[in-house]
Amino acid sequence: MSKTFFIDTTRCTACRGCQVACKEWQGFEGNQTKQVGWGSHQNPPDLNPKNYKVVRFSEQKLKDRVAWNFFPDQCRHCVDPSCKYPADEYKKGLVILDEETGAVIYTDACRDMPKDVFQQMLDFCPYNIPRRDEKTGVINKCDMCVERVKEGLVPMCVKACPTGTMNFGEREDMIDLAKKRLGIVKKEFPEAQIIDEEAVRVLYLVAYKPETYFKTAAAKPGTFDVTRKEALAKMGQSFRNFFRV
Amino acid sequence: MTNHWIDIKNTDCCLIIGSNAAEHHPICFKWVLKAKEERGAKIIHVDPKFSRTSARSDFHVPLRSGTDIAFMGGMINYILANNKYFKEYVVEYTNASFIVGGKYGFSNGLFTGYDAKNKIYDKSNWKLEMDENGLPKRDMTLSNPRCVFQILKNHYSRYNMAKVSEVTGVSVANLTKVYESYAATGRPDKAGTILYALGWTQHTVGAQNIRSSAIVQLLLGNMGIAGGGINALRGEPNVQGSTDHALLYNILSGYIPMPRADVATFDDFIKKVTTVSKDPKSVNWYQNRPKYVVSLLKGWFGDAATKENGFGYNWLPKLDPAKSWEKGDASMFFFFDKMYNGQIKGGSVFGMNPCQSFANANKVRKAMANLDWLYCADIFNNETTDFWHGPGMDPKKVKTEVFLFPSCHRAEKDGSVSNSGRWALWHQQATSPRGDSKSMGEIMVDIMNEVKSLYKKGGTFPDPIVNMDFFGKYDAEKVSKKINGYYVSGPNKGKQVAGFPDLADDGSTVSLNWLYCGSFTEDGNLMKRRDLSQTPLQAKLGMFPNFSFAWPMNRRIIYNRCSVDKNGKPWDPDRVVIKWEDGKWIGDVADGGAPPLGMEKGKLPFIMTAAGVGNIFGPGMVDGPLPEHYEPIETPLKTNSFSGQIHNPCAKIMYGEMDKRALPGDPKYPIVLTTYSLTEHWCSGSETRNHPALLEAEPQLYVEMSVELAAEKGIKNGDVVIVESARGAVEAAAMVTVRMTPLKVQGRTVHLIGMPFAFGWTKKGVGDSTNRITVSAGDPNTAIPEYKACCVNIRKADKVTELAVDGVTSENEMTGGNHV
Amino acid sequence: MNITRRNFIKATGLGAATITLGNIGCSSASAQGYSKQLKIKGAREVISICPYCSVCCHFIAHVKDGKVVSTEGDPGYPVSQGALCAKGSAMLSQINDNKRVLNCLYRAPFSDKWEEKSYGWMVDRVAQKIKETRDKHFKEKNEAGQTVNRIDEIFHLGSSQMDNEELAVTGQAMRTMGVVHIDHQARV
């Protein structure tokens with residue numbers, strides 16, 4: 001059995017309870033952010049070593065309405081996590097796929113990982129998730145609050161959510177819930193979809209095409225079509241722009 | 001709220017107007033979404049800005065700030081013209097059938113009885129006619145041209161679609177969409193709710209904005225029912241409680257009017273505040289007021305309060321009579337002006353930050369420096385506690401002696417707060433207060449006891465102080481027992497009263513607030529209850545009658561007798577609030593225990609009004625019995641499309657040297673500014689600016705503006721701009737967004753911009769108070785300033801000062817998300 | 001393995017839930033040994049209420065050794081059902097914030113700094129100031145000769161941050177002193 005998140009962005013009000021709850025639980029300091037030169041409610045602008053979770057805001061004027069889309073972005077805890085390949089190749093046990101929960105965990109020992117291996121992890125990640133604290137070397141991202149989950153609690157972001165956007169539970173249950181909601185949402189938003197359903201343990205339901213939320217809401221093109229063999233064969237080369245389109 | 005948070009889920013149509021519920025009461029949106037998903041309710045957001053609330057609504061309708069009465073007047077007109085009202089309800093439960101006296105009239109924006117010199121109305125001109133038995137004259141056919149219904153119809157016939165659209169900037173198509181959706185709730189089996197907040201109160205027509213919703217809700221039969229009501233989403237954490245307990249100049253606890261100098265004796269006062277009705281069908285609840293007044297005075301003065309001395313009435317301070325727009329008004333709107341003029345010597349500010357949050361803050365900041373002494377209690381330093389070294393202030397020239405008491409966090413004390421749905425909720429102390437911090441209650445009690453001991457040795461008019469029955473040491477549980485009230489003499493001496501029917505006017509009971517009677521009885525502290533059990537009927541609506549205590553008398557939906565017909569049968573069998581069954585009410589605690597109206601001993605449903613019905617015609621308002629559109633004090637227009645009276649004729653306007661304002665249509669200030677709060681900061685921001693995760697999420701003052709305005713002014717997203725009014729200037733980062741829409745008003749384009757007010761100088765680089773540019777004008781009923789509409793101009797800044805942080809202003813390449 | 005991961009998952013036709021981690025060629029291990037200890041384990045739970053908006057969401061304070069170590073929403077409050085917005089979620093930071101005022105502070109006339117004082121000193125001096133001002137300016141009659149028994153020269157502001165009980169004692173204190181310039185955030 002493994003756990004899965006279902007994130008129903010059609011319910012999200014961007015109250016950012018999840019973003020802050022995550023930060024508080026992890027005990028992270030604040031980043032110095034700004035509006036000058038930025039001009040957006042999306043703050044911090046991106047995931048970083050002190051934010052496992054960032055609510056992304058995107059807005060557009062449609063024919064007869066404004067669409068303001070919110071996307072609580074985080075690690076997708078891939079069923080087959082590609083970030084793990086380069087890590088394993090370098091040294092087994094640094095990146096762990098927790099059998100019980102399905103959580104992808106970056107252990108503390110990752111901090112000693114060479115620069116190029118981290119770069120490969122980032123390049124392999126279909127969603128541009130892993131972050132490194134340049135000062136300490138720590139490599140991190142959402143850990144599914146695995147210590148809570150193992151005690152029967154839900155991750156902190158799910159606990160905080162007021163609207164039913166963040167859901168967490170057994171994978172089958174979450175898939176059922178996601179499909180049920182998709183059926184309802186599709187009536188109003190024909191483009192609605194669940195992003196990369198089979199490949200991830202964080203299922204996002206979106207009302208519009210994923211790219212209207214942000215660039216890597218869905219997997220970077222190509223990333224899920226690369227075989228493990230191909231990936232391993234490429235290992236050691238510079239991957240910097242391999243998947244970039 | 002007449003209803004409560006969870007009840008929002010029971011609605012068929014949720015009109016959010018003058019509120020940004022998803023951002024300012026984020027958790028309540030759970031219930032809004034539930035109504036949408038489970039009942040198929042329509043969610044409508046009417047607001048100048050497209051916000052996070054709009055994003056989750058069925059549709060958003062932008063309107064020009066300050067034109068809500070035009071918008072709602074149009075809705076009243078639509079309801080009446082298209083027969084969408086709930087006739088039986090309107091005839092039986094409202095004053096629509098009442099006959100308005102001959103002196104009432106309305107012409108060119110003015111009601112009869114206006115005294116231009118004092119900017120005040122003589123309300124005796126708006127009286128309803130009584131018959132020879134002292135009962136209101138009624139025409140149950142609603143056809144008499146002098147009946148409220150016909151006067152209403154006539155008044156709002158002027159609010160046609162074209163005119164409303166021209167004033168509000170809302171397209172006729174959008175008006176029609178909202179009116180149709182909302183008016184559809186005027187059926188017995190449909191419910192519509194109105195959620196409003198400061199977006200409605202902070203206008204020079206604020207109270208009348210809310211009156212307009214009362215009219216709509218009464219016409220549609222939406223008061224007293226599940227999923228209906230008028231729901232003020234109270235702002236502050238315990239603003240419900242602080243209003244109930246009357247930390248306001250104009251009332252005493254439980255909404256007892258504050259004594260005025262022309263009411264000299266206790267007997268006169270009792271007569272004045274006790275309403276009379278000759279109608280046996282009217283409960284006329286305020287006939288009980290003497291009991292509440294006496295129990296309060298008895299609570300304050302103990303044994304020293306006797307029948308002979310009018311229970312200490314003479315010791316109470318008296319306001320001057322309200323003989324003009326400014327006379328007898330002791331609100332902060334006026335006392336900051338007095339302070340500015342050197343007439344106030346000292347005072348206290350507890351858990352508040354007026355140098356940041358009050359309108360025309362430059363003046364407030366200057367005024368503070370005129371004080372001899374000031375004591376504050378707060379959890380963080382803020383722009384008020386530290387005013388003496390703020391921008392433009394030279395500490396060496398500020399004489400004020402300032403005391404700052406550290407107050408503790410709520411988690412460090414016991415006590416109760418009241419949520420917006422009137423639930424009094426007990427919270428427990430988790431840890432002892434940090435450092436030297438103490439609860440504000442403890443600080444207040446200790447200071448007062450010291451004052452008392454000084455007066456025991458003599459002083460001016462010492463009687464009320466030395467005779468006060470106070471607490472030796474602050475103890476929340478002990479105080480809450482006294483708030484509920486107990487017997488001080490008679491056979492039950494020492495026992496808690498069970499409810500306000502137990503209170504007496506002979507001095508045998510005390511209660512610090514009659515509304516809270518029943519919260520702490522002989523059964524214990526009901527505010528601590530966490531029992532989620534409900535009957536199936538209650539569970540269907542989510543009433544939770546065994547969780548905490550809701551005033552009054554644990555009633556969850558007030559005016560609930562309106563949810564049934566004359567025989568006690570619910571209008572909507574699917575949403576039963578109360579129901580008359582086997583000779584008693586079941587469901588919620590019914591408003592007064594009397595049988596349904598149609599039965600013997602039956603009573604009218606609105607137990608708090610003397611006539612027993614809902615007031616469509618409201619002769620108690622300072623500025624007119626029917627809401628009328630007036631332009632904000634600062635308006636981009638030169639004329640009012642509805643009348644020759646451009647502003648509210650009773651508006652409170654300051655005329656001092658620092659109270660400058662733009663004239664109507666002033667080309668120097670053509671843009672409408674509306675101000676607001678935001679999810680990530682609390683009010684003035686003095687607390688939340690200190691929390692890393694919150695400051696990170698909303699780090700600096702911004703101004704939201706349309707793409708069109710930005711293009712016109714040559715402003716790019718993220719640019720530093722100056723926003724200025726006749727009173728000052730503010731620096732902000734431009735947020736250029738499709739969420740702001742230029743509006744077509746009186747045939748031309750009017751631009752609106754919006755700014756939060758949570759950023760202040762005590763946190764470096766975040767910006768400083770937006771209220772430095774807001775206007776010194778307020779509502780005539782409440783003296784709440786017009787934060788929501790003033791006129792400004794905007795330009796690109798030449799240099800960055802207030803928003804300068806190391807390394808921040810040099811980078812200008814970033815652009816936000818998919819932001820334009 | 002010559003099959004793409006996406007295709008593999010589809011090819012099984014079983015749905016993702018039935019795939020075990022082993023059969024897609026991924027080594028797996030328990031994260032138990034690597035995950036942190038649950039910091040709220042063994043903590044005392046106390047119910048308090050968020051001091052921001054009027055929804056009054058309840059939160060659980062987890063207390064260990066007299067210190068709040070974590071806060072999260074209280075599922076027992078039927079309005080919030082355990083949820084908290086951004087502000088409510090930042091409760092731990094607020095309680096333990098190192099920028100909180102923790103000492104009684106005094107600023108003398110024309111001074112440019114705060115000084116730390118004892119609580120007792122502050123209470124005594126404030127009481128004296130109140131008495132001096134009240135004794136000097138107390139007004140028994142207004143211009144019209146009507147009895148008013150009030151002190152116009154003293155004001156009180158706030159607060160809706162107070163508990164009901166604190167409000168009750170504040171209201172009583174102000175009224176008995178004769179203060180009429182009383183207001184709070186209801187007008188902000």
# chains A, B, ... in the order shown; residues from 1 in each chain; ligands from 1
call {"tool": "interface_residues", "arguments": {"of": "chain C", "to": "chain B", "cutoff": "6 Å", "atoms": "only C-alpha atoms", "output": "mmCIF file with N, CA and C atoms, in the first residue's frame"}}
result
data_model
loop_
_atom_site.group_PDB
_atom_site.id
_atom_site.type_symbol
_atom_site.label_atom_id
_atom_site.label_comp_id
_atom_site.auth_asym_id
_atom_site.auth_seq_id
_atom_site.Cartn_x
_atom_site.Cartn_y
_atom_site.Cartn_z
ATOM 1 N N VAL C 46 -3.186 21.549 24.301
ATOM 2 C CA VAL C 46 -4.050 22.579 24.884
ATOM 3 C C VAL C 46 -4.771 23.301 23.750
ATOM 4 N N ILE C 47 -6.068 23.529 23.947
ATOM 5 C CA ILE C 47 -6.844 24.188 22.894
ATOM 6 C C ILE C 47 -6.833 25.695 23.102
ATOM 7 N N SER C 48 -6.402 26.414 22.100
ATOM 8 C CA SER C 48 -6.517 27.867 22.127
ATOM 9 C C SER C 48 -7.167 28.325 20.823
ATOM 10 N N ILE C 49 -7.253 29.640 20.645
ATOM 11 C CA ILE C 49 -7.984 30.183 19.495
ATOM 12 C C ILE C 49 -7.107 31.190 18.770
ATOM 13 N N PRO C 51 -5.732 34.320 17.152
ATOM 14 C CA PRO C 51 -6.072 35.714 17.490
ATOM 15 C C PRO C 51 -6.277 36.600 16.267
ATOM 16 N N TYR C 52 -6.458 36.031 15.117
ATOM 17 C CA TYR C 52 -6.738 36.862 13.958
ATOM 18 C C TYR C 52 -8.246 36.842 13.703
ATOM 19 N N CYS C 53 -8.732 36.605 12.503
ATOM 20 C CA CYS C 53 -10.119 36.989 12.177
ATOM 21 C C CYS C 53 -11.202 36.342 13.031
ATOM 22 N N SER C 54 -12.427 36.757 12.779
ATOM 23 C CA SER C 54 -13.566 36.386 13.611
ATOM 24 C C SER C 54 -14.145 35.007 13.298
ATOM 25 N N VAL C 55 -13.461 34.223 12.480
ATOM 26 C CA VAL C 55 -13.867 32.821 12.344
ATOM 27 C C VAL C 55 -13.460 32.087 13.632
ATOM 28 N N CYS C 56 -12.426 32.628 14.305
ATOM 29 C CA CYS C 56 -11.965 32.085 15.589
ATOM 30 C C CYS C 56 -11.578 30.616 15.509
ATOM 31 N N GLY C 66 6.863 23.147 29.351
ATOM 32 C CA GLY C 66 6.417 24.527 29.511
ATOM 33 C C GLY C 66 6.609 25.392 28.278
ATOM 34 N N ALA C 86 -3.043 30.922 6.274
ATOM 35 C CA ALA C 86 -1.633 31.282 6.424
ATOM 36 C C ALA C 86 -1.354 31.870 7.811
ATOM 37 N N LYS C 87 -2.209 32.782 8.254
ATOM 38 C CA LYS C 87 -1.955 33.440 9.545
ATOM 39 C C LYS C 87 -2.053 32.444 10.699
ATOM 40 N N ARG C 100 9.072 39.748 20.186
ATOM 41 C CA ARG C 100 7.994 40.148 21.091
ATOM 42 C C ARG C 100 8.510 41.079 22.185
ATOM 43 N N VAL C 101 7.641 41.972 22.624
ATOM 44 C CA VAL C 101 8.018 42.823 23.764
ATOM 45 C C VAL C 101 7.919 41.943 25.008
ATOM 46 N N LEU C 102 9.011 41.820 25.749
ATOM 47 C CA LEU C 102 8.984 40.932 26.908
ATOM 48 C C LEU C 102 9.278 41.663 28.218
ATOM 49 N N ASN C 103 9.636 42.938 28.099
ATOM 50 C CA ASN C 103 9.885 43.725 29.304
ATOM 51 C C ASN C 103 9.033 44.975 29.293
ATOM 52 N N CYS C 104 8.732 45.487 30.475
ATOM 53 C CA CYS C 104 8.013 46.753 30.561
ATOM 54 C C CYS C 104 8.958 47.855 30.084
ATOM 55 N N LEU C 105 8.478 48.660 29.159
ATOM 56 C CA LEU C 105 9.334 49.685 28.575
ATOM 57 C C LEU C 105 8.790 51.079 28.874
ATOM 58 N N TYR C 106 9.711 51.999 29.096
ATOM 59 C CA TYR C 106 9.349 53.364 29.430
ATOM 60 C C TYR C 106 10.163 54.313 28.565
ATOM 61 N N ARG C 107 9.485 55.297 28.039
ATOM 62 C CA ARG C 107 10.170 56.323 27.262
ATOM 63 C C ARG C 107 9.904 57.661 27.950
ATOM 64 N N ALA C 108 10.953 58.254 28.474
ATOM 65 C CA ALA C 108 10.817 59.522 29.194
ATOM 66 C C ALA C 108 10.584 60.654 28.192
ATOM 67 N N PRO C 109 9.989 61.766 28.644
ATOM 68 C CA PRO C 109 9.787 62.902 27.745
ATOM 69 C C PRO C 109 11.113 63.310 27.085
ATOM 70 N N PHE C 110 11.055 63.612 25.783
ATOM 71 C CA PHE C 110 12.183 64.088 24.977
ATOM 72 C C PHE C 110 13.338 63.086 24.869
ATOM 73 N N ASP C 112 15.220 59.605 23.406
ATOM 74 C CA ASP C 112 15.198 58.922 22.112
ATOM 75 C C ASP C 112 15.307 57.412 22.280
ATOM 76 N N VAL C 123 2.959 50.521 36.762
ATOM 77 C CA VAL C 123 1.563 50.608 37.216
ATOM 78 C C VAL C 123 1.379 51.842 38.094
ATOM 79 N N ALA C 127 -0.911 55.137 37.074
ATOM 80 C CA ALA C 127 -2.053 55.492 37.934
ATOM 81 C C ALA C 127 -1.948 56.946 38.374
ATOM 82 N N ASP C 135 -7.951 64.696 38.013
ATOM 83 C CA ASP C 135 -8.216 65.690 39.064
ATOM 84 C C ASP C 135 -8.238 67.104 38.490
ATOM 85 N N GLN C 146 -25.637 71.264 32.146
ATOM 86 C CA GLN C 146 -26.126 69.908 32.446
ATOM 87 C C GLN C 146 -25.016 69.088 33.094
ATOM 88 N N VAL C 148 -22.515 66.283 33.577
ATOM 89 C CA VAL C 148 -21.884 65.331 32.663
ATOM 90 C C VAL C 148 -20.888 64.400 33.359
ATOM 91 N N ASN C 149 -20.302 64.845 34.462
ATOM 92 C CA ASN C 149 -19.379 64.011 35.245
ATOM 93 C C ASN C 149 -18.419 63.182 34.398
ATOM 94 N N ARG C 150 -17.648 63.873 33.575
ATOM 95 C CA ARG C 150 -16.771 63.125 32.670
ATOM 96 C C ARG C 150 -15.394 63.787 32.558
ATOM 97 N N GLU C 153 -10.314 64.762 28.723
ATOM 98 C CA GLU C 153 -8.894 64.865 28.379
ATOM 99 C C GLU C 153 -8.181 63.518 28.370
ATOM 100 N N ILE C 154 -8.915 62.462 28.726
ATOM 101 C CA ILE C 154 -8.317 61.116 28.695
ATOM 102 C C ILE C 154 -9.083 60.267 27.692
ATOM 103 N N PHE C 155 -8.361 59.442 26.941
ATOM 104 C CA PHE C 155 -9.032 58.545 25.984
ATOM 105 C C PHE C 155 -8.599 57.111 26.234
ATOM 106 N N HIS C 156 -9.408 56.211 25.718
ATOM 107 C CA HIS C 156 -8.990 54.803 25.692
ATOM 108 C C HIS C 156 -9.295 54.191 24.342
ATOM 109 N N LEU C 157 -8.320 53.489 23.794
ATOM 110 C CA LEU C 157 -8.506 52.792 22.519
ATOM 111 C C LEU C 157 -8.174 51.314 22.665
ATOM 112 N N GLY C 158 -9.073 50.478 22.213
ATOM 113 C CA GLY C 158 -8.833 49.046 22.089
ATOM 114 C C GLY C 158 -9.189 48.227 23.320
ATOM 115 N N SER C 159 -9.475 46.946 23.061
ATOM 116 C CA SER C 159 -9.133 46.334 21.798
ATOM 117 C C SER C 159 -10.018 45.135 21.515
ATOM 118 N N SER C 160 -10.219 44.927 20.237
ATOM 119 C CA SER C 160 -10.900 43.702 19.831
ATOM 120 C C SER C 160 -9.954 42.509 19.876
ATOM 121 N N GLN C 161 -8.721 42.754 20.286
ATOM 122 C CA GLN C 161 -7.806 41.638 20.555
ATOM 123 C C GLN C 161 -8.039 41.080 21.959
ATOM 124 N N ASP C 163 -10.002 39.494 25.282
ATOM 125 C CA ASP C 163 -11.047 38.519 25.587
ATOM 126 C C ASP C 163 -12.273 39.245 26.120
ATOM 127 N N ASN C 164 -13.412 38.570 26.109
ATOM 128 C CA ASN C 164 -14.633 39.174 26.639
ATOM 129 C C ASN C 164 -14.446 39.639 28.080
ATOM 130 N N GLU C 165 -13.727 38.853 28.851
ATOM 131 C CA GLU C 165 -13.556 39.175 30.265
ATOM 132 C C GLU C 165 -12.682 40.423 30.432
ATOM 133 N N GLU C 166 -11.679 40.535 29.582
ATOM 134 C CA GLU C 166 -10.802 41.714 29.627
ATOM 135 C C GLU C 166 -11.565 42.960 29.191
ATOM 136 N N GLY C 171 -14.091 48.113 30.218
ATOM 137 C CA GLY C 171 -15.284 48.966 30.107
ATOM 138 C C GLY C 171 -15.671 49.533 31.455
ATOM 139 N N THR C 176 -16.123 54.107 35.083
ATOM 140 C CA THR C 176 -16.111 54.618 36.455
ATOM 141 C C THR C 176 -15.160 55.805 36.595
ATOM 142 N N GLY C 178 -14.921 57.972 34.331
ATOM 143 C CA GLY C 178 -15.592 59.070 33.635
ATOM 144 C C GLY C 178 -15.074 59.299 32.229
ATOM 145 N N VAL C 180 -15.064 59.109 28.379
ATOM 146 C CA VAL C 180 -16.060 58.917 27.315
ATOM 147 C C VAL C 180 -15.410 58.722 25.944
ATOM 148 N N HIS C 181 -14.169 59.161 25.820
ATOM 149 C CA HIS C 181 -13.482 58.958 24.549
ATOM 150 C C HIS C 181 -12.961 57.524 24.493
ATOM 151 N N ILE C 182 -13.894 56.629 24.182
ATOM 152 C CA ILE C 182 -13.594 55.201 24.177
ATOM 153 C C ILE C 182 -13.902 54.663 22.786
ATOM 154 N N ASP C 183 -12.973 53.915 22.247
ATOM 155 C CA ASP C 183 -13.235 53.360 20.926
ATOM 156 C C ASP C 183 -12.332 52.154 20.694
ATOM 157 N N ARG C 187 -14.261 50.632 14.417
ATOM 158 C CA ARG C 187 -14.303 51.797 13.528
ATOM 159 C C ARG C 187 -13.080 51.886 12.612
#
call {"tool": "closest_atom_pairs", "arguments": {"of": "chain A", "to": "chain B", "cutoff": "9 Å", "atoms": "only C-alpha atoms", "output": "JSON lines"}}
result
{"residue": "A:Thr10", "atom": "CA", "partner": "B:Arg56", "partner_atom": "CA", "distance": 7.8}
{"residue": "A:Arg11", "atom": "CA", "partner": "B:Arg56", "partner_atom": "CA", "distance": 7.2}
{"residue": "A:Cys12", "atom": "CA", "partner": "B:Arg56", "partner_atom": "CA", "distance": 7.9}
{"residue": "A:Thr13", "atom": "CA", "partner": "B:Arg52", "partner_atom": "CA", "distance": 5.7}
{"residue": "A:Ala14", "atom": "CA", "partner": "B:Arg52", "partner_atom": "CA", "distance": 7.0}
{"residue": "A:Cys15", "atom": "CA", "partner": "B:Pro26", "partner_atom": "CA", "distance": 6.2}
{"residue": "A:Arg16", "atom": "CA", "partner": "B:Glu680", "partner_atom": "CA", "distance": 8.0}
{"residue": "A:Gln19", "atom": "CA", "partner": "B:Ala693", "partner_atom": "CA", "distance": 8.3}
{"residue": "A:Val20", "atom": "CA", "partner": "B:Ala693", "partner_atom": "CA", "distance": 5.8}
{"residue": "A:Ala21", "atom": "CA", "partner": "B:Ala693", "partner_atom": "CA", "distance": 8.9}
{"residue": "A:Lys23", "atom": "CA", "partner": "B:Ala693", "partner_atom": "CA", "distance": 6.9}
{"residue": "A:Glu24", "atom": "CA", "partner": "B:Ala693", "partner_atom": "CA", "distance": 7.7}
{"residue": "A:Phe28", "atom": "CA", "partner": "B:Ala693", "partner_atom": "CA", "distance": 8.4}
{"residue": "A:Glu29", "atom": "CA", "partner": "B:Pro692", "partner_atom": "CA", "distance": 6.4}
{"residue": "A:Gly30", "atom": "CA", "partner": "B:Pro692", "partner_atom": "CA", "distance": 4.5}
{"residue": "A:Asn31", "atom": "CA", "partner": "B:Glu696", "partner_atom": "CA", "distance": 5.8}
{"residue": "A:Gln32", "atom": "CA", "partner": "B:Glu696", "partner_atom": "CA", "distance": 6.3}
{"residue": "A:Thr33", "atom": "CA", "partner": "B:Glu696", "partner_atom": "CA", "distance": 5.6}
{"residue": "A:Lys34", "atom": "CA", "partner": "B:Pro699", "partner_atom": "CA", "distance": 5.3}
{"residue": "A:Gln35", "atom": "CA", "partner": "B:Gln700", "partner_atom": "CA", "distance": 5.6}
{"residue": "A:Val36", "atom": "CA", "partner": "B:Gly718", "partner_atom": "CA", "distance": 4.9}
{"residue": "A:Gly37", "atom": "CA", "partner": "B:Gly718", "partner_atom": "CA", "distance": 4.0}
{"residue": "A:Trp38", "atom": "CA", "partner": "B:Gly718", "partner_atom": "CA", "distance": 4.8}
{"residue": "A:Gly39", "atom": "CA", "partner": "B:Gly718", "partner_atom": "CA", "distance": 4.3}
{"residue": "A:Ser40", "atom": "CA", "partner": "B:Gly816", "partner_atom": "CA", "distance": 5.0}
{"residue": "A:His41", "atom": "CA", "partner": "B:Glu698", "partner_atom": "CA", "distance": 6.9}
{"residue": "A:Gln42", "atom": "CA", "partner": "B:Gly816", "partner_atom": "CA", "distance": 6.8}
{"residue": "A:Asn43", "atom": "CA", "partner": "B:Ala697", "partner_atom": "CA", "distance": 4.7}
{"residue": "A:Pro44", "atom": "CA", "partner": "B:Ala697", "partner_atom": "CA", "distance": 6.0}
{"residue": "A:Pro45", "atom": "CA", "partner": "B:Gly816", "partner_atom": "CA", "distance": 7.1}
{"residue": "A:Arg56", "atom": "CA", "partner": "B:Gly817", "partner_atom": "CA", "distance": 7.2}
{"residue": "A:Phe57", "atom": "CA", "partner": "B:Gly817", "partner_atom": "CA", "distance": 6.4}
{"residue": "A:Ser58", "atom": "CA", "partner": "B:Asn818", "partner_atom": "CA", "distance": 4.8}
{"residue": "A:Glu59", "atom": "CA", "partner": "B:His819", "partner_atom": "CA", "distance": 6.2}
{"residue": "A:Gln60", "atom": "CA", "partner": "B:Val738", "partner_atom": "CA", "distance": 6.9}
{"residue": "A:Lys61", "atom": "CA", "partner": "B:Val738", "partner_atom": "CA", "distance": 6.3}
{"residue": "A:Arg65", "atom": "CA", "partner": "B:Phe59", "partner_atom": "CA", "distance": 8.0}
{"residue": "A:Val66", "atom": "CA", "partner": "B:Arg739", "partner_atom": "CA", "distance": 6.9}
{"residue": "A:Ala67", "atom": "CA", "partner": "B:Ala55", "partner_atom": "CA", "distance": 6.7}
{"residue": "A:Trp68", "atom": "CA", "partner": "B:Ala55", "partner_atom": "CA", "distance": 5.8}
{"residue": "A:Asn69", "atom": "CA", "partner": "B:Ala55", "partner_atom": "CA", "distance": 7.7}
{"residue": "A:Cys161", "atom": "CA", "partner": "B:Ile27", "partner_atom": "CA", "distance": 8.6}
{"residue": "A:Pro162", "atom": "CA", "partner": "B:Ile27", "partner_atom": "CA", "distance": 5.5}
{"residue": "A:Thr163", "atom": "CA", "partner": "B:Lys30", "partner_atom": "CA", "distance": 4.7}
{"residue": "A:Gly164", "atom": "CA", "partner": "B:Lys30", "partner_atom": "CA", "distance": 7.7}
{"residue": "A:Thr212", "atom": "CA", "partner": "B:Asn818", "partner_atom": "CA", "distance": 7.8}
{"residue": "A:Tyr213", "atom": "CA", "partner": "B:Asn818", "partner_atom": "CA", "distance": 7.5}
{"residue": "A:Phe214", "atom": "CA", "partner": "B:Asn818", "partner_atom": "CA", "distance": 7.0}
call {"tool": "interface_residues", "arguments": {"of": "chain A", "to": "chain C", "cutoff": "8 Å", "atoms": "only C-alpha atoms", "output": "PyMOL selection string"}}
result
chain A and resi 1-2+15-21+24-25+79-80+96-100+105+107-108+146-148+159-162+171-172+198-199+224-229
call {"tool": "select_by_dssp", "arguments": {"residues": "range 153-315 of chain B", "states": "helix (DSSP H, G or I)", "output": "PyMOL selection string"}}
result
chain B and resi 153-156+161-168+172-183+198-201+206-219+239-244+253-255+266-273+285-304+310-315
call {"tool": "select_by_dssp", "arguments": {"residues": "chain C", "states": "strand (DSSP E)", "output": "PyMOL selection string"}}
result
chain C and resi 44-49+58-64+67-73+104-107+115-117+139-141+147-157+179-183
call {"tool": "residues_around", "arguments": {"residues": "Val564 in chain B", "least_positions_apart": "6", "cutoff": "12 Å", "atoms": "only C-alpha atoms", "output": "MDAnalysis selection string"}}
result
chainID B and resid 88:89 92:93 188:189 221:226 570:573 575:581 585:587 590:591 595:598 604:605
call {"tool": "atom_distance", "arguments": {"atom1": "CA of Lys91 in chain A", "atom2": "CA of Leu122 in chain A"}}
result
16.4 Å
call {"tool": "atom_distance", "arguments": {"atom1": "CA of Ala184 in chain B", "atom2": "CA of Asp64 in chain A"}}
result
23.3 Å
call {"tool": "closest_residue", "arguments": {"among": "B:Arg187, B:Lys153, B:Pro545, B:Asn382", "to": "Gly74 in chain B", "atoms": "only C-alpha atoms"}}
result
B:Lys153
call {"tool": "atom_distance", "arguments": {"atom1": "CA of Tyr340 in chain B", "atom2": "CA of Arg125 in chain C"}}
result
24.5 Å
call {"tool": "residues_around", "arguments": {"residues": "range 70-77 of chain A", "least_positions_apart": "4", "cutoff": "7 Å", "atoms": "only C-alpha atoms", "output": "VMD selection string"}}
result
chain A and resid 9 12 14 52 to 58 81 103 to 104 129 141 to 142 200 to 202 213
